[in-house]
>>> print(open('start10.pdb').read())   # PDB, C-alpha atoms, pLDDT in the B column
ATOM      1  CA  MET A 228     125.645 144.262  86.662  1.00 87.00           C
ATOM      2  CA  LYS A 229     128.199 143.667  83.935  1.00 93.00           C
ATOM      3  CA  ILE A 230     127.365 141.584  80.886  1.00 91.00           C
ATOM      4  CA  HIS A 231     129.879 139.895  78.628  1.00 95.00           C
ATOM      5  CA  PHE A 232     129.312 137.370  75.846  1.00 92.00           C
ATOM      6  CA  ARG A 233     131.527 135.926  73.122  1.00 96.00           C
ATOM      7  CA  HIS A 234     130.223 133.758  70.310  1.00 96.00           C
ATOM      8  CA  ALA A 235     132.307 132.313  67.454  1.00 96.00           C
ATOM      9  CA  PHE A 236     131.087 131.815  63.889  1.00 96.00           C
ATOM     10  CA  ASP A 237     132.508 130.271  60.718  1.00 93.00           C
ATOM     11  CA  CYS A 238     132.169 133.279  58.410  1.00 94.00           C
ATOM     12  CA  GLU A 239     133.654 136.667  57.693  1.00 93.00           C
ATOM     13  CA  PRO A 240     132.693 139.648  59.886  1.00 94.00           C
ATOM     14  CA  GLU A 241     131.008 141.329  56.897  1.00 92.00           C
ATOM     15  CA  GLN A 242     128.752 138.288  56.474  1.00 92.00           C
ATOM     16  CA  LEU A 243     127.696 138.451  60.112  1.00 93.00           C
ATOM     17  CA  TRP A 244     126.909 142.197  59.937  1.00 91.00           C
ATOM     18  CA  ALA A 245     124.897 141.555  56.750  1.00 90.00           C
ATOM     19  CA  LEU A 246     123.026 138.705  58.442  1.00 91.00           C
ATOM     20  CA  LEU A 247     122.085 140.941  61.371  1.00 87.00           C
ATOM     21  CA  ALA A 248     120.591 143.453  58.902  1.00 85.00           C
ATOM     22  CA  ASN A 249     118.696 140.807  56.892  1.00 88.00           C
ATOM     23  CA  PRO A 250     114.879 141.161  57.290  1.00 85.00           C
ATOM     24  CA  ASP A 251     114.343 137.455  56.512  1.00 85.00           C
ATOM     25  CA  PHE A 252     116.729 136.491  59.276  1.00 89.00           C
ATOM     26  CA  GLU A 253     115.039 138.957  61.660  1.00 86.00           C
ATOM     27  CA  ARG A 254     111.913 136.756  61.661  1.00 86.00           C
ATOM     28  CA  ILE A 255     113.997 133.660  62.447  1.00 88.00           C
ATOM     29  CA  LEU A 256     115.831 135.572  65.156  1.00 86.00           C
ATOM     30  CA  GLU A 257     112.575 136.623  66.799  1.00 86.00           C
ATOM     31  CA  ALA A 258     111.442 133.006  67.029  1.00 82.00           C
ATOM     32  CA  LYS A 259     114.767 131.869  68.500  1.00 82.00           C
ATOM     33  CA  SER A 260     115.599 134.772  70.800  1.00 79.00           C
ATOM     34  CA  ASN A 261     112.034 135.459  72.009  1.00 81.00           C
ATOM     35  CA  VAL A 262     112.530 139.176  71.407  1.00 85.00           C
ATOM     36  CA  ARG A 263     110.345 141.004  68.877  1.00 89.00           C
ATOM     37  CA  ARG A 264     112.186 143.920  67.254  1.00 88.00           C
ATOM     38  CA  VAL A 265     110.549 146.559  65.080  1.00 91.00           C
ATOM     39  CA  GLU A 266     112.699 149.242  63.513  1.00 92.00           C
ATOM     40  CA  THR A 267     111.209 152.676  64.176  1.00 95.00           C
ATOM     41  CA  SER A 268     113.958 154.864  62.691  1.00 96.00           C
ATOM     42  CA  ARG A 269     117.192 154.649  60.713  1.00 94.00           C
ATOM     43  CA  GLU A 270     119.642 157.244  59.432  1.00 96.00           C
ATOM     44  CA  VAL A 271     123.045 156.985  57.814  1.00 94.00           C
ATOM     45  CA  GLU A 272     125.692 159.633  58.247  1.00 92.00           C
ATOM     46  CA  GLY A 273     128.973 158.720  56.552  1.00 90.00           C
ATOM     47  CA  GLU A 274     130.220 155.432  58.010  1.00 90.00           C
ATOM     48  CA  ILE A 275     127.778 155.530  60.918  1.00 94.00           C
ATOM     49  CA  GLU A 276     124.311 153.966  60.807  1.00 94.00           C
ATOM     50  CA  ARG A 277     121.974 154.968  63.624  1.00 96.00           C
ATOM     51  CA  SER A 278     118.776 153.080  64.341  1.00 95.00           C
ATOM     52  CA  VAL A 279     116.090 152.687  66.960  1.00 96.00           C
ATOM     53  CA  HIS A 280     114.219 149.428  67.463  1.00 93.00           C
ATOM     54  CA  GLU A 281     111.185 148.906  69.651  1.00 94.00           C
ATOM     55  CA  CYS A 282     111.836 145.614  71.419  1.00 90.00           C
ATOM     56  CA  THR A 283     109.445 143.386  73.320  1.00 89.00           C
ATOM     57  CA  SER A 284     110.758 140.403  75.230  1.00 83.00           C
ATOM     58  CA  LEU A 285     108.326 137.548  74.775  1.00 82.00           C
ATOM     59  CA  HIS A 286     109.567 135.986  78.047  1.00 78.00           C
ATOM     60  CA  GLU A 287     107.003 136.417  80.816  1.00 81.00           C
ATOM     61  CA  LEU A 288     108.371 138.274  83.801  1.00 78.00           C
ATOM     62  CA  PRO A 289     107.939 137.021  87.380  1.00 77.00           C
ATOM     63  CA  SER A 290     105.006 138.508  89.270  1.00 82.00           C
ATOM     64  CA  PHE A 291     107.087 140.905  91.393  1.00 75.00           C
ATOM     65  CA  ALA A 292     108.690 142.338  88.222  1.00 74.00           C
ATOM     66  CA  THR A 293     105.258 142.645  86.596  1.00 75.00           C
ATOM     67  CA  LYS A 294     104.100 144.731  89.556  1.00 76.00           C
ATOM     68  CA  VAL A 295     107.131 147.035  89.355  1.00 74.00           C
ATOM     69  CA  LEU A 296     107.112 147.388  85.551  1.00 74.00           C
ATOM     70  CA  GLY A 297     103.348 147.283  85.020  1.00 76.00           C
ATOM     71  CA  SER A 298     103.673 144.696  82.266  1.00 77.00           C
ATOM     72  CA  ARG A 299     104.140 140.941  81.888  1.00 82.00           C
ATOM     73  CA  HIS A 300     106.771 141.582  79.227  1.00 83.00           C
ATOM     74  CA  LEU A 301     109.792 143.829  79.094  1.00 81.00           C
ATOM     75  CA  VAL A 302     109.320 146.570  76.462  1.00 85.00           C
ATOM     76  CA  TYR A 303     112.159 148.920  75.557  1.00 89.00           C
ATOM     77  CA  ASP A 304     113.751 150.934  72.767  1.00 93.00           C
ATOM     78  CA  GLN A 305     117.221 149.966  71.612  1.00 92.00           C
ATOM     79  CA  HIS A 306     119.236 152.906  70.261  1.00 96.00           C
ATOM     80  CA  SER A 307     122.168 151.704  68.158  1.00 95.00           C
ATOM     81  CA  SER A 308     125.064 153.323  66.314  1.00 97.00           C
ATOM     82  CA  LEU A 309     126.949 151.033  63.941  1.00 95.00           C
ATOM     83  CA  HIS A 310     130.413 152.080  62.827  1.00 93.00           C
ATOM     84  CA  ARG A 311     131.236 149.562  60.101  1.00 83.00           C
ATOM     85  CA  GLY A 312     134.816 150.795  59.680  1.00 85.00           C
ATOM     86  CA  ARG A 313     135.557 149.820  63.288  1.00 91.00           C
ATOM     87  CA  GLY A 314     133.287 146.759  63.306  1.00 91.00           C
ATOM     88  CA  GLU A 315     131.558 148.169  66.348  1.00 96.00           C
ATOM     89  CA  LEU A 316     127.946 148.715  67.392  1.00 95.00           C
ATOM     90  CA  THR A 317     127.252 150.949  70.384  1.00 96.00           C
ATOM     91  CA  TRP A 318     123.852 150.380  71.946  1.00 93.00           C
ATOM     92  CA  ARG A 319     121.700 151.819  74.686  1.00 93.00           C
ATOM     93  CA  ILE A 320     118.497 150.393  76.122  1.00 89.00           C
ATOM     94  CA  VAL A 321     115.723 152.797  77.100  1.00 90.00           C
ATOM     95  CA  PRO A 322     112.882 151.032  78.946  1.00 85.00           C
ATOM     96  CA  ARG A 323     109.318 152.252  78.534  1.00 84.00           C
ATOM     97  CA  VAL A 324     108.986 152.567  82.326  1.00 81.00           C
ATOM     98  CA  LEU A 325     111.451 153.587  85.046  1.00 78.00           C
ATOM     99  CA  THR A 326     113.524 155.435  82.463  1.00 82.00           C
ATOM    100  CA  ASP A 327     115.217 157.503  85.168  1.00 87.00           C
ATOM    101  CA  ARG A 328     116.098 154.390  87.187  1.00 83.00           C
ATOM    102  CA  VAL A 329     117.529 152.084  84.541  1.00 85.00           C
ATOM    103  CA  ASP A 330     120.819 152.479  82.687  1.00 88.00           C
ATOM    104  CA  ALA A 331     121.718 149.794  80.184  1.00 88.00           C
ATOM    105  CA  GLY A 332     124.102 149.874  77.291  1.00 92.00           C
ATOM    106  CA  GLY A 333     127.294 148.616  75.811  1.00 94.00           C
ATOM    107  CA  VAL A 334     129.281 147.757  72.727  1.00 96.00           C
ATOM    108  CA  THR A 335     129.057 144.828  70.324  1.00 95.00           C
ATOM    109  CA  ARG A 336     132.159 144.120  68.262  1.00 96.00           C
ATOM    110  CA  ILE A 337     132.522 141.670  65.390  1.00 96.00           C
ATOM    111  CA  PHE A 338     136.069 140.769  64.364  1.00 95.00           C
ATOM    112  CA  ARG A 339     138.401 137.973  63.187  1.00 95.00           C
ATOM    113  CA  GLU A 340     140.320 135.979  65.767  1.00 95.00           C
ATOM    114  CA  ASP A 341     142.166 132.689  65.304  1.00 93.00           C
ATOM    115  CA  GLY A 342     140.548 132.134  61.900  1.00 92.00           C
ATOM    116  CA  ARG A 343     137.005 132.616  63.160  1.00 95.00           C
ATOM    117  CA  CYS A 344     134.512 135.446  63.315  1.00 96.00           C
ATOM    118  CA  ILE A 345     133.872 136.577  66.896  1.00 97.00           C
ATOM    119  CA  ARG A 346     130.888 138.533  68.182  1.00 96.00           C
ATOM    120  CA  GLU A 347     131.767 140.054  71.531  1.00 97.00           C
ATOM    121  CA  VAL A 348     129.243 141.942  73.657  1.00 95.00           C
ATOM    122  CA  ASN A 349     130.298 144.063  76.636  1.00 96.00           C
ATOM    123  CA  GLY A 350     127.887 146.170  78.610  1.00 93.00           C
ATOM    124  CA  ALA A 351     126.195 146.897  81.882  1.00 92.00           C
ATOM    125  CA  VAL A 352     122.699 147.000  83.338  1.00 88.00           C
ATOM    126  CA  ASP A 353     122.011 149.155  86.383  1.00 88.00           C
ATOM    127  CA  VAL A 354     118.533 149.170  87.953  1.00 85.00           C
ATOM    128  CA  ARG A 355     118.006 151.597  90.819  1.00 86.00           C
ATOM    129  CA  VAL A 356     114.739 150.480  92.416  1.00 80.00           C
ATOM    130  CA  ARG A 357     114.605 150.017  96.181  1.00 81.00           C
ATOM    131  CA  LEU A 358     114.405 146.450  97.414  1.00 77.00           C
ATOM    132  CA  VAL A 359     114.075 144.800  93.976  1.00 76.00           C
ATOM    133  CA  GLY A 360     116.728 146.502  91.819  1.00 79.00           C
ATOM    134  CA  SER A 361     119.257 143.657  92.034  1.00 85.00           C
ATOM    135  CA  LYS A 362     116.528 141.076  91.347  1.00 84.00           C
ATOM    136  CA  LEU A 363     115.426 143.010  88.257  1.00 80.00           C
ATOM    137  CA  GLU A 364     119.065 143.247  87.096  1.00 84.00           C
ATOM    138  CA  ALA A 365     119.407 139.464  87.463  1.00 84.00           C
ATOM    139  CA  ILE A 366     116.232 138.890  85.440  1.00 77.00           C
ATOM    140  CA  LEU A 367     117.349 141.299  82.733  1.00 76.00           C
ATOM    141  CA  GLY A 368     120.764 139.654  82.682  1.00 78.00           C
ATOM    142  CA  ARG A 369     119.209 136.214  82.191  1.00 78.00           C
ATOM    143  CA  VAL A 370     116.888 137.485  79.444  1.00 75.00           C
ATOM    144  CA  VAL A 371     119.804 139.118  77.622  1.00 78.00           C
ATOM    145  CA  GLU A 372     122.090 136.089  78.038  1.00 82.00           C
ATOM    146  CA  THR A 373     119.426 133.654  76.841  1.00 82.00           C
ATOM    147  CA  SER A 374     118.467 135.883  73.919  1.00 80.00           C
ATOM    148  CA  TYR A 375     122.075 136.250  72.743  1.00 84.00           C
ATOM    149  CA  ALA A 376     122.813 132.522  73.135  1.00 88.00           C
ATOM    150  CA  ASN A 377     119.672 131.576  71.180  1.00 87.00           C
ATOM    151  CA  ALA A 378     120.483 134.191  68.550  1.00 87.00           C
ATOM    152  CA  ALA A 379     124.007 132.786  68.155  1.00 92.00           C
ATOM    153  CA  GLU A 380     122.548 129.309  67.618  1.00 92.00           C
ATOM    154  CA  ALA A 381     120.136 130.666  64.989  1.00 91.00           C
ATOM    155  CA  MET A 382     122.944 132.594  63.277  1.00 92.00           C
ATOM    156  CA  ARG A 383     125.148 129.492  63.034  1.00 94.00           C
ATOM    157  CA  ALA A 384     122.271 127.438  61.585  1.00 92.00           C
ATOM    158  CA  TYR A 385     121.397 130.160  59.059  1.00 92.00           C
ATOM    159  CA  LEU A 386     125.033 130.522  57.965  1.00 92.00           C
ATOM    160  CA  LEU A 387     125.271 126.759  57.396  1.00 90.00           C
ATOM    161  CA  GLU A 388     122.120 126.794  55.254  1.00 88.00           C
ATOM    162  CA  HIS A 389     123.082 130.014  53.394  1.00 83.00           C
ATOM    163  CA  PRO A 390     126.871 130.001  52.914  1.00 75.00           C
TER     164      PRO A 390
END
>>> encode(input="start10.pdb", output="structure tokens")
Amino acid sequence: MKIHFRHAFDCEPEQLWALLANPDFERILEAKSNVRRVETSREVEGEIERSVHECTSLHELPSFATKVLGSRHLVYDQHSSLHRGRGELTWRIVPRVLTDRVDAGGVTRIFREDGRCIREVNGAVDVRVRLVGSKLEAILGRVVETSYANAAEAMRAYLLEHP
């Protein structure tokens, strides 16, 4: 399943990258996106920043997904590589279960377009589980879409309050 999102903001790309790295904003983002993120590692090598976040979706999964995943909530590690010079973040999702049956990842770009700052997310989620794989993909897609939309709303509000 392909995922694609575009959100526009009234700021410079550097401001948006800085906001995404702001620990104070992280708490606001958790409340809005319903995803708890805890950084477990970070390293910087030249222009590239690599990090791993343990993420827990606070959305409750449907009962069939709970049976397959063994949890009421989706828990995964997000591996990210930020290349500030290109304005690009490459990410990969590694679930805590079914690691050999789930591939998820993509690229987030932040750039100027038509006088606005654009955050564009392109990626894919592939779940290879007999009988329920496409249903799990749809659930994951909805969780990701809702989380990104809520995060965009929180980012716009924060930028208005903290120009």
>>> residues_around(input="start10.pdb", residues="stretch 279-281 of chain A", least_positions_apart="3", cutoff="10 Å", atoms="all atoms listed in the file", output="PyMOL selection string")
chain A and resi 262-270+302-308+318-323
>>> closest_residue(input="start10.pdb", among="A:Arg277, A:Arg299, A:Lys294, A:Arg383", to="A:Lys259", atoms="only C-alpha atoms")
A:Arg383
>>> closest_atom_pairs(input="start10.pdb", of="stretch 289-321 of chain A", to="stretch 351-365 of chain A", cutoff="10 Å", atoms="all atoms listed in the file", output="tab-separated table")
residue	atom	partner	partner_atom	distance
A:Pro289	CA	A:Leu363	CA	9.6
A:Phe291	CA	A:Val359	CA	8.4
A:Ala292	CA	A:Leu363	CA	6.8
A:Val295	CA	A:Val359	CA	8.6
A:Leu296	CA	A:Leu363	CA	9.8
A:Arg319	CA	A:Ala351	CA	9.8
A:Ile320	CA	A:Val352	CA	9.0
>>> axis_aligned_box(input="start10.pdb", around="stretch 325-340 of chain A", padding_each_side="3 Å", output="lines of an AutoDock Vina configuration file")
center_x = 125.9
center_y = 146.7
center_z = 75.2
size_x = 34.9
size_y = 27.5
size_z = 30.0
>>> closest_residue(input="start10.pdb", among="A:Val370, A:Leu247, A:Cys344, A:Ala258", to="A:Leu316", atoms="only C-alpha atoms")
A:Leu247
>>> build_atoms(input="start10.pdb", residues="stretch 341-356 of chain A", atoms="N, CA and C atoms", output="short mmCIF file (atom, residue, chain, number, x, y, z; two decimals), keeping the file's coordinate frame")
data_model
loop_
_atom_site.label_atom_id
_atom_site.label_comp_id
_atom_site.auth_asym_id
_atom_site.auth_seq_id
_atom_site.Cartn_x
_atom_site.Cartn_y
_atom_site.Cartn_z
N ASP A 341 141.80 134.11 65.46
CA ASP A 341 142.17 132.69 65.30
C ASP A 341 141.39 132.01 64.18
N GLY A 342 141.21 132.71 63.06
CA GLY A 342 140.55 132.13 61.90
C GLY A 342 139.04 132.07 61.98
N ARG A 343 138.45 132.64 63.01
CA ARG A 343 137.00 132.62 63.16
C ARG A 343 136.48 134.03 63.32
N CYS A 344 135.18 134.17 63.10
CA CYS A 344 134.51 135.45 63.32
C CYS A 344 133.98 135.44 64.75
N ILE A 345 134.28 136.49 65.50
CA ILE A 345 133.87 136.58 66.90
C ILE A 345 132.90 137.74 67.06
N ARG A 346 131.79 137.46 67.75
CA ARG A 346 130.89 138.53 68.18
C ARG A 346 131.06 138.65 69.69
N GLU A 347 131.52 139.82 70.12
CA GLU A 347 131.77 140.05 71.53
C GLU A 347 130.88 141.19 72.01
N VAL A 348 130.16 140.95 73.09
CA VAL A 348 129.24 141.94 73.66
C VAL A 348 129.72 142.28 75.06
N ASN A 349 129.94 143.57 75.31
CA ASN A 349 130.30 144.06 76.64
C ASN A 349 129.34 145.18 76.99
N GLY A 350 128.81 145.12 78.20
CA GLY A 350 127.89 146.17 78.61
C GLY A 350 127.59 146.09 80.09
N ALA A 351 126.60 146.87 80.48
CA ALA A 351 126.20 146.90 81.88
C ALA A 351 124.72 147.24 81.97
N VAL A 352 124.09 146.70 83.01
CA VAL A 352 122.70 147.00 83.34
C VAL A 352 122.68 147.46 84.79
N ASP A 353 122.11 148.62 85.02
CA ASP A 353 122.01 149.16 86.38
C ASP A 353 120.56 149.55 86.63
N VAL A 354 119.93 148.89 87.60
CA VAL A 354 118.53 149.17 87.95
C VAL A 354 118.51 149.71 89.38
N ARG A 355 118.05 150.95 89.51
CA ARG A 355 118.01 151.60 90.82
C ARG A 355 116.55 151.68 91.31
N VAL A 356 116.08 150.56 91.84
CA VAL A 356 114.74 150.48 92.42
C VAL A 356 114.91 149.84 93.79
#
